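Structure data (mmCIF, C-alpha atoms and all ligand atoms) from start_28.cif:
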```
data_input
#
loop_
_atom_site.group_PDB
_atom_site.id
_atom_site.type_symbol
_atom_site.label_atom_id
_atom_site.label_comp_id
_atom_site.auth_asym_id
_atom_site.auth_seq_id
_atom_site.Cartn_x
_atom_site.Cartn_y
_atom_site.Cartn_z
ATOM 1 C CA MET R 1 -15.295 3.262 2.848
ATOM 2 C CA ARG R 2 -14.401 2.159 -0.649
ATOM 3 C CA LEU R 3 -11.479 1.640 -3.025
ATOM 4 C CA GLU R 4 -11.125 4.064 -5.949
ATOM 5 C CA ARG R 5 -8.702 3.986 -8.851
ATOM 6 C CA PRO R 6 -6.425 7.035 -9.248
ATOM 7 C CA SER R 7 -7.753 9.562 -11.777
ATOM 8 C CA LEU R 8 -7.762 13.328 -12.374
ATOM 9 C CA LYS R 9 -10.777 13.611 -10.067
ATOM 10 C CA TRP R 10 -8.529 12.900 -7.071
ATOM 11 C CA GLU R 11 -5.731 15.387 -7.812
ATOM 12 C CA THR R 12 -6.556 17.919 -5.057
ATOM 13 C CA GLU R 13 -7.169 15.236 -2.433
ATOM 14 C CA HIS R 14 -4.010 13.371 -3.392
ATOM 15 C CA ILE R 15 -1.917 16.548 -3.029
ATOM 16 C CA ALA R 16 -3.498 17.265 0.383
ATOM 17 C CA TYR R 17 -2.687 13.693 1.478
ATOM 18 C CA MET R 18 0.936 14.103 0.328
ATOM 19 C CA LYS R 19 1.260 17.330 2.346
ATOM 20 C CA GLU R 20 -0.026 15.581 5.454
ATOM 21 C CA TRP R 21 2.274 12.551 5.060
ATOM 22 C CA ASP R 22 5.016 12.885 7.674
ATOM 23 C CA GLU R 23 7.370 9.961 7.051
ATOM 24 C CA GLU R 24 10.446 10.411 4.875
ATOM 25 C CA ARG R 25 9.202 7.873 2.332
ATOM 26 C CA MET R 26 5.694 7.693 0.856
ATOM 27 C CA THR R 27 4.034 4.297 1.418
ATOM 28 C CA PRO R 28 3.146 2.874 -1.021
ATOM 29 C CA SER R 29 5.855 4.649 -3.036
ATOM 30 C CA SER R 30 3.710 4.511 -6.197
ATOM 31 C CA PHE R 31 1.650 7.376 -4.731
ATOM 32 C CA HIS R 32 4.614 9.745 -4.304
ATOM 33 C CA LEU R 33 3.993 13.046 -6.130
ATOM 34 C CA LYS R 34 6.844 15.192 -7.382
ATOM 35 C CA GLU R 35 6.094 18.926 -7.226
ATOM 36 C CA ASP R 36 7.268 19.730 -10.756
ATOM 37 C CA ILE R 37 5.364 16.921 -12.512
ATOM 38 C CA PRO R 38 1.795 17.627 -13.776
ATOM 39 C CA TYR R 39 -0.826 15.252 -12.359
ATOM 40 C CA GLU R 40 -1.729 14.027 -15.849
ATOM 41 C CA THR R 41 1.890 12.955 -16.319
ATOM 42 C CA TYR R 42 1.913 11.262 -12.900
ATOM 43 C CA LEU R 43 -1.173 9.259 -13.947
ATOM 44 C CA GLU R 44 0.421 8.263 -17.265
ATOM 45 C CA ASP R 45 3.606 7.155 -15.493
ATOM 46 C CA LEU R 46 1.552 5.229 -12.933
ATOM 47 C CA ALA R 47 -0.324 3.402 -15.701
ATOM 48 C CA ALA R 48 2.998 2.380 -17.284
ATOM 49 C CA LYS R 49 4.305 1.136 -13.928
ATOM 50 C CA GLU R 50 1.072 -0.796 -13.308
ATOM 51 C CA ALA R 51 1.527 -2.501 -16.662
ATOM 52 C CA GLY R 52 4.986 -3.689 -15.595
ATOM 53 C CA LEU R 53 7.471 -0.977 -16.644
ATOM 54 C CA GLY R 54 11.087 -1.866 -15.847
ATOM 55 C CA ASN R 55 11.410 -4.856 -13.538
ATOM 56 C CA ARG R 56 7.968 -4.355 -11.953
ATOM 57 C CA VAL R 57 5.338 -7.064 -11.937
ATOM 58 C CA PRO R 58 1.840 -5.926 -13.028
ATOM 59 C CA ASN R 59 0.169 -4.152 -10.128
ATOM 60 C CA THR R 60 -2.888 -2.056 -9.242
ATOM 61 C CA ASN R 61 -3.187 1.038 -7.057
ATOM 62 C CA TYR R 62 -6.243 2.227 -5.150
ATOM 63 C CA PHE R 63 -7.191 5.144 -2.937
ATOM 64 C CA PHE R 64 -9.152 4.209 0.180
ATOM 65 C CA VAL R 65 -11.893 6.833 0.318
ATOM 66 C CA ASP R 66 -14.448 7.723 3.016
ATOM 67 C CA GLY R 67 -18.066 8.921 2.682
ATOM 68 C CA ASP R 68 -16.900 12.558 2.574
ATOM 69 C CA GLU R 69 -14.802 11.807 -0.547
ATOM 70 C CA ARG R 70 -11.613 12.131 1.504
ATOM 71 C CA ILE R 71 -8.636 9.898 0.807
ATOM 72 C CA VAL R 72 -7.921 8.073 4.067
ATOM 73 C CA GLY R 73 -5.377 5.569 2.800
ATOM 74 C CA MET R 74 -3.661 4.097 -0.230
ATOM 75 C CA VAL R 75 -2.834 0.567 -1.334
ATOM 76 C CA ASN R 76 -0.706 -1.069 -4.032
ATOM 77 C CA ILE R 77 -1.477 -4.657 -5.009
ATOM 78 C CA ARG R 78 1.196 -6.655 -6.821
ATOM 79 C CA HIS R 79 -0.303 -9.400 -9.026
ATOM 80 C CA SER R 80 2.606 -11.819 -8.557
ATOM 81 C CA LEU R 81 5.917 -12.079 -6.731
ATOM 82 C CA ASN R 82 9.437 -11.691 -8.086
ATOM 83 C CA ASP R 83 12.530 -12.425 -5.973
ATOM 84 C CA TYR R 84 12.574 -8.965 -4.392
ATOM 85 C CA LEU R 85 8.856 -8.957 -3.594
ATOM 86 C CA ARG R 86 9.094 -12.485 -2.143
ATOM 87 C CA GLN R 87 11.811 -11.312 0.251
ATOM 88 C CA VAL R 88 10.949 -7.706 1.031
ATOM 89 C CA ASP R 89 7.730 -6.077 -0.183
ATOM 90 C CA GLY R 90 5.173 -8.876 -0.643
ATOM 91 C CA HIS R 91 1.893 -8.651 -2.564
ATOM 92 C CA ILE R 92 0.324 -5.664 -0.800
ATOM 93 C CA GLY R 93 1.690 -2.306 0.393
ATOM 94 C CA PHE R 94 -0.538 0.153 2.260
ATOM 95 C CA GLY R 95 -0.556 3.392 4.220
ATOM 96 C CA ILE R 96 -3.040 5.500 6.187
ATOM 97 C CA ARG R 97 -2.852 9.306 6.442
ATOM 98 C CA PRO R 98 -1.427 10.415 9.817
ATOM 99 C CA THR R 99 -4.621 12.082 11.142
ATOM 100 C CA GLU R 100 -6.649 8.901 10.442
ATOM 101 C CA ARG R 101 -4.438 6.327 12.165
ATOM 102 C CA ARG R 102 -5.395 4.099 15.116
ATOM 103 C CA LYS R 103 -9.061 3.964 14.023
ATOM 104 C CA GLY R 104 -9.024 0.517 12.407
ATOM 105 C CA HIS R 105 -8.735 1.884 8.850
ATOM 106 C CA ALA R 106 -5.654 -0.134 7.863
ATOM 107 C CA THR R 107 -7.197 -3.346 9.167
ATOM 108 C CA TYR R 108 -10.249 -2.701 6.972
ATOM 109 C CA LEU R 109 -8.154 -1.522 4.016
ATOM 110 C CA LEU R 110 -6.107 -4.730 4.057
ATOM 111 C CA SER R 111 -9.311 -6.812 4.170
ATOM 112 C CA GLU R 112 -10.572 -4.943 1.076
ATOM 113 C CA ALA R 113 -7.221 -5.471 -0.646
ATOM 114 C CA LEU R 114 -7.506 -9.199 0.103
ATOM 115 C CA ASN R 115 -10.853 -9.224 -1.722
ATOM 116 C CA MET R 116 -8.935 -7.848 -4.711
ATOM 117 C CA THR R 117 -6.210 -10.513 -4.484
ATOM 118 C CA ASP R 118 -9.036 -13.095 -4.308
ATOM 119 C CA GLN R 119 -10.305 -11.755 -7.624
ATOM 120 C CA LEU R 120 -6.795 -12.119 -9.055
ATOM 121 C CA GLY R 121 -6.804 -15.768 -7.979
ATOM 122 C CA ILE R 122 -3.984 -15.363 -5.458
ATOM 123 C CA ARG R 123 -4.495 -17.998 -2.775
ATOM 124 C CA SER R 124 -1.390 -17.351 -0.627
ATOM 125 C CA VAL R 125 -0.888 -13.636 -0.049
ATOM 126 C CA LEU R 126 2.451 -12.376 1.265
ATOM 127 C CA VAL R 127 2.354 -9.205 3.372
ATOM 128 C CA THR R 128 5.495 -7.822 5.020
ATOM 129 C CA CYS R 129 6.601 -5.085 7.376
ATOM 130 C CA ASN R 130 9.772 -3.839 8.985
ATOM 131 C CA GLU R 131 10.626 -5.320 12.370
ATOM 132 C CA ASP R 132 9.934 -2.032 14.174
ATOM 133 C CA ASN R 133 6.519 -1.478 12.543
ATOM 134 C CA VAL R 134 4.325 -2.795 15.357
ATOM 135 C CA GLY R 135 1.154 -1.233 13.920
ATOM 136 C CA SER R 136 1.606 -2.816 10.502
ATOM 137 C CA ALA R 137 2.316 -6.241 12.020
ATOM 138 C CA ALA R 138 -0.921 -5.948 14.062
ATOM 139 C CA VAL R 139 -2.880 -5.068 10.909
ATOM 140 C CA ILE R 140 -1.486 -8.141 9.133
ATOM 141 C CA VAL R 141 -2.196 -10.474 12.063
ATOM 142 C CA ASN R 142 -5.727 -8.999 12.341
ATOM 143 C CA ASN R 143 -6.232 -10.225 8.769
ATOM 144 C CA GLY R 144 -5.008 -13.755 9.421
ATOM 145 C CA GLY R 145 -1.298 -13.336 8.738
ATOM 146 C CA VAL R 146 0.874 -16.269 9.801
ATOM 147 C CA GLU R 147 4.521 -15.375 10.260
ATOM 148 C CA ASP R 148 7.214 -17.007 8.112
ATOM 149 C CA GLU R 149 10.986 -16.557 8.328
ATOM 150 C CA CYS R 150 12.135 -12.958 8.316
ATOM 151 C CA PHE R 151 14.464 -11.581 5.653
ATOM 152 C CA ILE R 152 17.483 -9.444 6.504
ATOM 153 C CA GLU R 153 18.336 -6.890 3.839
ATOM 154 C CA PRO R 154 22.016 -6.234 2.971
ATOM 155 C CA HIS R 155 22.016 -3.018 5.048
ATOM 156 C CA GLY R 156 20.695 -4.938 8.067
ATOM 157 C CA ASN R 157 16.979 -4.032 7.975
ATOM 158 C CA VAL R 158 14.870 -6.924 9.265
ATOM 159 C CA VAL R 159 11.705 -7.610 7.242
ATOM 160 C CA ARG R 160 8.931 -9.617 8.917
ATOM 161 C CA ARG R 161 7.036 -11.794 6.402
ATOM 162 C CA PHE R 162 3.477 -13.081 6.841
ATOM 163 C CA TRP R 163 1.326 -15.344 4.646
ATOM 164 C CA ILE R 164 -2.435 -14.995 4.516
ATOM 165 C CA GLU R 165 -4.119 -18.121 3.138
ATOM 166 C CA ARG R 166 -7.429 -17.548 1.292
HETATM 167 C C1 LIG M 201 0.950 1.018 9.957
HETATM 168 C C2 LIG M 201 -0.332 1.760 9.593
HETATM 169 C C3 LIG M 201 -0.765 1.346 8.195
HETATM 170 C C4 LIG M 201 -1.411 1.384 10.620
HETATM 171 O O1 LIG M 201 -2.620 2.006 10.229
HETATM 172 P P1 LIG M 201 -3.838 2.187 11.247
HETATM 173 O O2 LIG M 201 -5.027 2.597 10.458
HETATM 174 O O3 LIG M 201 -3.409 3.070 12.352
HETATM 175 O O4 LIG M 201 -4.021 0.698 11.796
HETATM 176 P P2 LIG M 201 -5.284 0.144 12.599
HETATM 177 O O5 LIG M 201 -6.015 1.308 13.208
HETATM 178 O O6 LIG M 201 -6.055 -0.771 11.721
HETATM 179 O O7 LIG M 201 -4.580 -0.641 13.770
HETATM 180 C C5 LIG M 201 -4.476 -2.054 13.814
HETATM 181 C C6 LIG M 201 -3.823 -2.445 15.133
HETATM 182 O O8 LIG M 201 -2.495 -1.913 15.194
HETATM 183 C C7 LIG M 201 -2.325 -1.140 16.349
HETATM 184 N N1 LIG M 201 -1.456 -0.040 15.993
HETATM 185 C C8 LIG M 201 -1.587 0.800 14.954
HETATM 186 N N2 LIG M 201 -0.569 1.668 14.944
HETATM 187 C C9 LIG M 201 0.221 1.349 15.988
HETATM 188 C C10 LIG M 201 1.421 1.874 16.505
HETATM 189 N N3 LIG M 201 2.030 2.923 15.935
HETATM 190 N N4 LIG M 201 1.952 1.295 17.619
HETATM 191 C C11 LIG M 201 1.357 0.255 18.202
HETATM 192 N N5 LIG M 201 0.208 -0.309 17.756
HETATM 193 C C12 LIG M 201 -0.354 0.245 16.661
HETATM 194 C C13 LIG M 201 -3.717 -0.657 16.707
HETATM 195 O O9 LIG M 201 -3.837 -0.311 18.049
HETATM 196 C C14 LIG M 201 -4.537 -1.874 16.353
HETATM 197 O O10 LIG M 201 -4.430 -2.834 17.379
HETATM 198 P P3 LIG M 201 -5.623 -3.847 17.708
HETATM 199 O O11 LIG M 201 -6.006 -4.525 16.422
HETATM 200 O O12 LIG M 201 -5.035 -4.743 18.710
HETATM 201 O O13 LIG M 201 -6.724 -2.967 18.222
HETATM 202 C C15 LIG M 201 -0.112 3.295 9.638
HETATM 203 O O14 LIG M 201 0.484 3.639 10.860
HETATM 204 C C16 LIG M 201 0.750 3.829 8.504
HETATM 205 O O15 LIG M 201 0.240 4.175 7.438
HETATM 206 N N6 LIG M 201 2.074 3.910 8.723
HETATM 207 C C17 LIG M 201 3.010 4.388 7.713
HETATM 208 C C18 LIG M 201 3.075 3.489 6.502
HETATM 209 C C19 LIG M 201 3.298 2.055 6.874
HETATM 210 O O16 LIG M 201 4.060 1.745 7.773
HETATM 211 N N7 LIG M 201 2.638 1.159 6.131
HETATM 212 C C20 LIG M 201 2.762 -0.267 6.314
HETATM 213 C C21 LIG M 201 3.895 -0.731 5.501
HETATM 214 S S1 LIG M 201 4.035 -2.487 5.618
#
```
Can the structure from this file be put into structure tokens for me?
Ligand SMILES: CC(C)(COP(=O)(O)OP(=O)(O)OC[C@H]1O[C@@H](n2cnc3c(N)ncnc32)[C@H](O)[C@@H]1OP(=O)(O)O)[C@@H](O)C(=O)NCCC(=O)NCCS
Amino acid sequence: MRLERPSLKWETEHIAYMKEWDEERMTPSSFHLKEDIPYETYLEDLAAKEAGLGNRVPNTNYFFVDGDERIVGMVNIRHSLNDYLRQVDGHIGFGIRPTERRKGHATYLLSEALNMTDQLGIRSVLVTCNEDNVGSAAVIVNNGGVEDECFIEPHGNVVRRFWIER
């Protein structure tokens, strides 16, 4: 398993992954594909977002790819925290394709992402999940997450917040 940066090479696989995704919202949202947007344009937009377009902090996206060149998961690494990230989304967002869940992939993906935050010099890594996301919480705890106070969003959603010290 390895991390790969998005590029034209992954267009077909990325589309297949999108079709398989069964939740309402793509996670991480940076990997959402709109049907009427050419992949080249998606990649250009992604590069602008990674550089900090709008109110984003600089961030990096990776596919998590297996030995058969299949995208198994996706991860977005934020290089620093702003107020919103500190309360809700944290440094790292990740997802695993539905047919590949419950095989330990997310636990491994988060460990690989933590190697990337090490390289960025981030010593305290914030990783969050919604209160009802038992699987995500287990993945975070598997990687050394220590729970901090939760944050309650204005619409009532409870966000669990974990710090991983490196
Ligand atoms: C949450 C998610 C990333 C878990 O991925 P995964 O590859 O299935 O996770 P793992 O196989 O590494 O599982 C880690 C642990 O969580 C448990 N787990 C995973 N999914 C679970 C679920 N739905 N319910 C209960 N436990 C679950 C596993 O049994 C495992 O437990 P263990 O370490 O005690 O053996 C995946 O379900 C997903 O992509 N969900 C949608 C997007 C999302 O929620 N992303 C996280 C946002 S913070």
Kindly provide, as lines of an AutoDock Vina configuration file, the centre and edge lengths (Å, one decimal) of an axis-aligned box around all atoms of ligand LIG 201 (chain M) given in the file, with 3 Å on each side.
```
center_x = -1.3
center_y = -0.2
center_z = 12.1
size_x = 16.8
size_y = 15.1
size_z = 19.2
```
Selection: 8 Å around Asn143 of chain R, all atoms listed in the file, excl. self and same-chain fewer than 6 positions, as a PyMOL selection string: chain R and resi 107+110-111+164
Store the residues picked out above in a file with C-alpha atoms, as an mmCIF file, in the coordinates of the input.
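Result written to part-v9.cif:
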```cif
data_model
loop_
_atom_site.group_PDB
_atom_site.id
_atom_site.type_symbol
_atom_site.label_atom_id
_atom_site.label_comp_id
_atom_site.auth_asym_id
_atom_site.auth_seq_id
_atom_site.Cartn_x
_atom_site.Cartn_y
_atom_site.Cartn_z
ATOM 1 C CA THR R 107 -7.197 -3.346 9.167
ATOM 2 C CA LEU R 110 -6.107 -4.730 4.057
ATOM 3 C CA SER R 111 -9.311 -6.812 4.170
ATOM 4 C CA ILE R 164 -2.435 -14.995 4.516
#
```
Residue contacts of segment 34-46 of chain R (12 Å, only C-alpha atoms) excluding same-chain residues fewer than 4 positions away, as a PyMOL selection string: chain R and resi 5-15+18-19+26+29-30+50-54+56+58-62+76
Counting all atoms listed in the file, which residues of chain R fall within 8 Å of ligand LIG 201 (chain M), and what is the closest atom pair for each with its distance in Å at one decimal, ordered by chain and rising number, as CSV?
```
residue,atom,partner,partner_atom,distance
R:Glu23,CA,M:LIG201,C17,7.1
R:Met26,CA,M:LIG201,C18,7.5
R:Thr27,CA,M:LIG201,C18,5.2
R:Pro28,CA,M:LIG201,N7,7.4
R:Gly73,CA,M:LIG201,O15,7.4
R:Asp89,CA,M:LIG201,S1,7.8
R:Gly93,CA,M:LIG201,S1,5.7
R:Phe94,CA,M:LIG201,N7,5.1
R:Gly95,CA,M:LIG201,O15,3.4
R:Ile96,CA,M:LIG201,O15,3.8
R:Arg97,CA,M:LIG201,O15,6.1
R:Pro98,CA,M:LIG201,O15,6.9
R:Glu100,CA,M:LIG201,O2,6.5
R:Arg101,CA,M:LIG201,O3,3.4
R:Arg102,CA,M:LIG201,O5,3.4
R:Lys103,CA,M:LIG201,O5,4.1
R:Gly104,CA,M:LIG201,O5,3.2
R:His105,CA,M:LIG201,O2,4.1
R:Ala106,CA,M:LIG201,O2,3.8
R:Thr107,CA,M:LIG201,O6,3.8
R:Tyr108,CA,M:LIG201,O6,6.6
R:Val127,CA,M:LIG201,S1,7.3
R:Thr128,CA,M:LIG201,S1,5.6
R:Cys129,CA,M:LIG201,S1,4.1
R:Asn130,CA,M:LIG201,S1,6.8
R:Asn133,CA,M:LIG201,O16,6.3
R:Val134,CA,M:LIG201,C11,5.1
R:Gly135,CA,M:LIG201,C9,3.4
R:Ser136,CA,M:LIG201,C1,3.9
R:Ala137,CA,M:LIG201,O8,7.2
R:Ala138,CA,M:LIG201,O8,4.5
R:Val139,CA,M:LIG201,C5,4.5
R:Asn142,CA,M:LIG201,O11,6.1
```
Can you write out the residues you just picked, keeping C-alpha atoms, as a PDB file, in the frame of the given file?
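Contents of the output file result35.pdb:
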```pdb
ATOM      1  CA  GLU R  23       7.370   9.961   7.051  1.00  0.00           C
ATOM      2  CA  MET R  26       5.694   7.693   0.856  1.00  0.00           C
ATOM      3  CA  THR R  27       4.034   4.297   1.418  1.00  0.00           C
ATOM      4  CA  PRO R  28       3.146   2.874  -1.021  1.00  0.00           C
ATOM      5  CA  GLY R  73      -5.377   5.569   2.800  1.00  0.00           C
ATOM      6  CA  ASP R  89       7.730  -6.077  -0.183  1.00  0.00           C
ATOM      7  CA  GLY R  93       1.690  -2.306   0.393  1.00  0.00           C
ATOM      8  CA  PHE R  94      -0.538   0.153   2.260  1.00  0.00           C
ATOM      9  CA  GLY R  95      -0.556   3.392   4.220  1.00  0.00           C
ATOM     10  CA  ILE R  96      -3.040   5.500   6.187  1.00  0.00           C
ATOM     11  CA  ARG R  97      -2.852   9.306   6.442  1.00  0.00           C
ATOM     12  CA  PRO R  98      -1.427  10.415   9.817  1.00  0.00           C
ATOM     13  CA  GLU R 100      -6.649   8.901  10.442  1.00  0.00           C
ATOM     14  CA  ARG R 101      -4.438   6.327  12.165  1.00  0.00           C
ATOM     15  CA  ARG R 102      -5.395   4.099  15.116  1.00  0.00           C
ATOM     16  CA  LYS R 103      -9.061   3.964  14.023  1.00  0.00           C
ATOM     17  CA  GLY R 104      -9.024   0.517  12.407  1.00  0.00           C
ATOM     18  CA  HIS R 105      -8.735   1.884   8.850  1.00  0.00           C
ATOM     19  CA  ALA R 106      -5.654  -0.134   7.863  1.00  0.00           C
ATOM     20  CA  THR R 107      -7.197  -3.346   9.167  1.00  0.00           C
ATOM     21  CA  TYR R 108     -10.249  -2.701   6.972  1.00  0.00           C
ATOM     22  CA  VAL R 127       2.354  -9.205   3.372  1.00  0.00           C
ATOM     23  CA  THR R 128       5.495  -7.822   5.020  1.00  0.00           C
ATOM     24  CA  CYS R 129       6.601  -5.085   7.376  1.00  0.00           C
ATOM     25  CA  ASN R 130       9.772  -3.839   8.985  1.00  0.00           C
ATOM     26  CA  ASN R 133       6.519  -1.478  12.543  1.00  0.00           C
ATOM     27  CA  VAL R 134       4.325  -2.795  15.357  1.00  0.00           C
ATOM     28  CA  GLY R 135       1.154  -1.233  13.920  1.00  0.00           C
ATOM     29  CA  SER R 136       1.606  -2.816  10.502  1.00  0.00           C
ATOM     30  CA  ALA R 137       2.316  -6.241  12.020  1.00  0.00           C
ATOM     31  CA  ALA R 138      -0.921  -5.948  14.062  1.00  0.00           C
ATOM     32  CA  VAL R 139      -2.880  -5.068  10.909  1.00  0.00           C
ATOM     33  CA  ASN R 142      -5.727  -8.999  12.341  1.00  0.00           C
TER      34      ASN R 142
END
```
Explicit residue set for the PyMOL selection byres (((chain R and resi 157) around 12) and not hetatm), as number ranges by chain: R: 87-88, 129-133, 150-156, 158-160
Just C-alpha atoms for this one: save the residues we selected as an mmCIF file, in the coordinates of the input.
```cif
data_model
loop_
_atom_site.group_PDB
_atom_site.id
_atom_site.type_symbol
_atom_site.label_atom_id
_atom_site.label_comp_id
_atom_site.auth_asym_id
_atom_site.auth_seq_id
_atom_site.Cartn_x
_atom_site.Cartn_y
_atom_site.Cartn_z
ATOM 1 C CA GLN R 87 11.811 -11.312 0.251
ATOM 2 C CA VAL R 88 10.949 -7.706 1.031
ATOM 3 C CA CYS R 129 6.601 -5.085 7.376
ATOM 4 C CA ASN R 130 9.772 -3.839 8.985
ATOM 5 C CA GLU R 131 10.626 -5.320 12.370
ATOM 6 C CA ASP R 132 9.934 -2.032 14.174
ATOM 7 C CA ASN R 133 6.519 -1.478 12.543
ATOM 8 C CA CYS R 150 12.135 -12.958 8.316
ATOM 9 C CA PHE R 151 14.464 -11.581 5.653
ATOM 10 C CA ILE R 152 17.483 -9.444 6.504
ATOM 11 C CA GLU R 153 18.336 -6.890 3.839
ATOM 12 C CA PRO R 154 22.016 -6.234 2.971
ATOM 13 C CA HIS R 155 22.016 -3.018 5.048
ATOM 14 C CA GLY R 156 20.695 -4.938 8.067
ATOM 15 C CA VAL R 158 14.870 -6.924 9.265
ATOM 16 C CA VAL R 159 11.705 -7.610 7.242
ATOM 17 C CA ARG R 160 8.931 -9.617 8.917
#
```
Distance criterion (all atoms listed in the file): nearest to Glu4 of chain R out of R:His91, R:His32, R:Arg70, R:Arg78: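 The answer is R:Arg70, which sits nearest to Glu4 of chain R.
Interatomic distance, atom CA of Asp118 of chain R against atom CA of Met74 of chain R: 18.5 Å.
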Evaluate the PyMOL selection byres (((chain R and resi 123) around 10) and not hetatm) and report residues as a PyMOL selection string: chain R and resi 114+117-122+124-126+163-166
Pull C-alpha atoms from the residues just selected and write them as a compact mmCIF listing (two decimals), in the coordinates of the input.
```txt
# COMPACT_ATOMS: atom_id res chain seq x y z
CA LEU R 114 -7.51 -9.20 0.10
CA THR R 117 -6.21 -10.51 -4.48
CA ASP R 118 -9.04 -13.10 -4.31
CA GLN R 119 -10.30 -11.76 -7.62
CA LEU R 120 -6.80 -12.12 -9.06
CA GLY R 121 -6.80 -15.77 -7.98
CA ILE R 122 -3.98 -15.36 -5.46
CA SER R 124 -1.39 -17.35 -0.63
CA VAL R 125 -0.89 -13.64 -0.05
CA LEU R 126 2.45 -12.38 1.26
CA TRP R 163 1.33 -15.34 4.65
CA ILE R 164 -2.44 -15.00 4.52
CA GLU R 165 -4.12 -18.12 3.14
CA ARG R 166 -7.43 -17.55 1.29
```
Answer as a list of chain:residue names, residues within 7 Å of (7.9, -16.7, 8.9) using only C-alpha atoms: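 Nearby residues: R:Glu147, R:Asp148, R:Glu149, R:Cys150, R:Arg161, R:Phe162.
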Picked residues, the PyMOL selection byres (((chain R and resi 65) around 9) and not hetatm), expected as number ranges by chain: R: 1-4, 63-64, 66-74
Atom-to-atom span, atom CA of Ala113 of chain R and atom CA of Gly145 of chain R, Å: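 Between atom CA of Ala113 of chain R and atom CA of Gly145 of chain R the gap is 13.6 Å.
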Atomic distance atom CA of Trp21 of chain R - atom CA of Ile77 of chain R, expressed in Å with one decimal: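 If I compute the distance from atom CA of Trp21 of chain R to atom CA of Ile77 of chain R, I get 20.3 Å.
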Given all atoms listed in the file as the counted atoms, nearest of R:Val75, R:Ala48, R:Ile140, R:Val57 to Phe31 of chain R: R:Val75
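For the set R:Lys49, R:Thr99, R:Glu112, R:Asn55, the residue with the smallest atom-to-atom gap to Tyr84 of chain R is R:Asn55, counting only C-alpha atoms.
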Counting all atoms listed in the file, the option among R:Val141, R:Leu109, R:Val146, R:Leu33 closest to Ile92 of chain R: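 Ranking R:Val141, R:Leu109, R:Val146, R:Leu33 by distance to Ile92 of chain R, first place goes to R:Leu109.
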Could you give me segment 121-132 of chain R completed to N, CA, C and O atoms, formatted as an mmCIF file, in the frame of the given file?
```cif
data_model
loop_
_atom_site.group_PDB
_atom_site.id
_atom_site.type_symbol
_atom_site.label_atom_id
_atom_site.label_comp_id
_atom_site.auth_asym_id
_atom_site.auth_seq_id
_atom_site.Cartn_x
_atom_site.Cartn_y
_atom_site.Cartn_z
ATOM 1 N N GLY R 121 -7.081 -14.335 -8.092
ATOM 2 C CA GLY R 121 -6.804 -15.768 -7.979
ATOM 3 C C GLY R 121 -5.587 -16.086 -7.129
ATOM 4 O O GLY R 121 -5.048 -17.202 -7.193
ATOM 5 N N ILE R 122 -5.155 -15.122 -6.316
ATOM 6 C CA ILE R 122 -3.984 -15.363 -5.458
ATOM 7 C C ILE R 122 -4.458 -16.031 -4.170
ATOM 8 O O ILE R 122 -5.247 -15.446 -3.429
ATOM 9 N N ARG R 123 -4.004 -17.240 -3.938
ATOM 10 C CA ARG R 123 -4.495 -17.998 -2.775
ATOM 11 C C ARG R 123 -3.615 -17.807 -1.539
ATOM 12 O O ARG R 123 -4.091 -17.883 -0.421
ATOM 13 N N SER R 124 -2.315 -17.613 -1.743
ATOM 14 C CA SER R 124 -1.390 -17.351 -0.627
ATOM 15 C C SER R 124 -0.848 -15.940 -0.810
ATOM 16 O O SER R 124 -0.108 -15.674 -1.762
ATOM 17 N N VAL R 125 -1.239 -15.051 0.095
ATOM 18 C CA VAL R 125 -0.888 -13.636 -0.049
ATOM 19 C C VAL R 125 0.230 -13.304 0.929
ATOM 20 O O VAL R 125 0.107 -13.551 2.133
ATOM 21 N N LEU R 126 1.316 -12.753 0.413
ATOM 22 C CA LEU R 126 2.451 -12.376 1.265
ATOM 23 C C LEU R 126 2.347 -10.898 1.624
ATOM 24 O O LEU R 126 2.222 -10.043 0.738
ATOM 25 N N VAL R 127 2.370 -10.597 2.918
ATOM 26 C CA VAL R 127 2.354 -9.205 3.372
ATOM 27 C C VAL R 127 3.504 -9.044 4.366
ATOM 28 O O VAL R 127 3.697 -9.896 5.247
ATOM 29 N N THR R 128 4.267 -7.981 4.226
ATOM 30 C CA THR R 128 5.495 -7.822 5.020
ATOM 31 C C THR R 128 5.505 -6.482 5.754
ATOM 32 O O THR R 128 4.747 -5.570 5.414
ATOM 33 N N CYS R 129 6.377 -6.388 6.739
ATOM 34 C CA CYS R 129 6.601 -5.085 7.376
ATOM 35 C C CYS R 129 7.982 -5.097 8.033
ATOM 36 O O CYS R 129 8.544 -6.159 8.290
ATOM 37 N N ASN R 130 8.499 -3.916 8.282
ATOM 38 C CA ASN R 130 9.772 -3.839 8.985
ATOM 39 C C ASN R 130 9.594 -4.268 10.441
ATOM 40 O O ASN R 130 8.508 -4.119 11.018
ATOM 41 N N GLU R 131 10.667 -4.777 11.006
ATOM 42 C CA GLU R 131 10.626 -5.320 12.370
ATOM 43 C C GLU R 131 10.068 -4.321 13.392
ATOM 44 O O GLU R 131 9.351 -4.698 14.319
ATOM 45 N N ASP R 132 10.365 -3.039 13.185
ATOM 46 C CA ASP R 132 9.934 -2.032 14.174
ATOM 47 C C ASP R 132 8.527 -1.498 13.909
ATOM 48 O O ASP R 132 8.041 -0.643 14.641
#
```
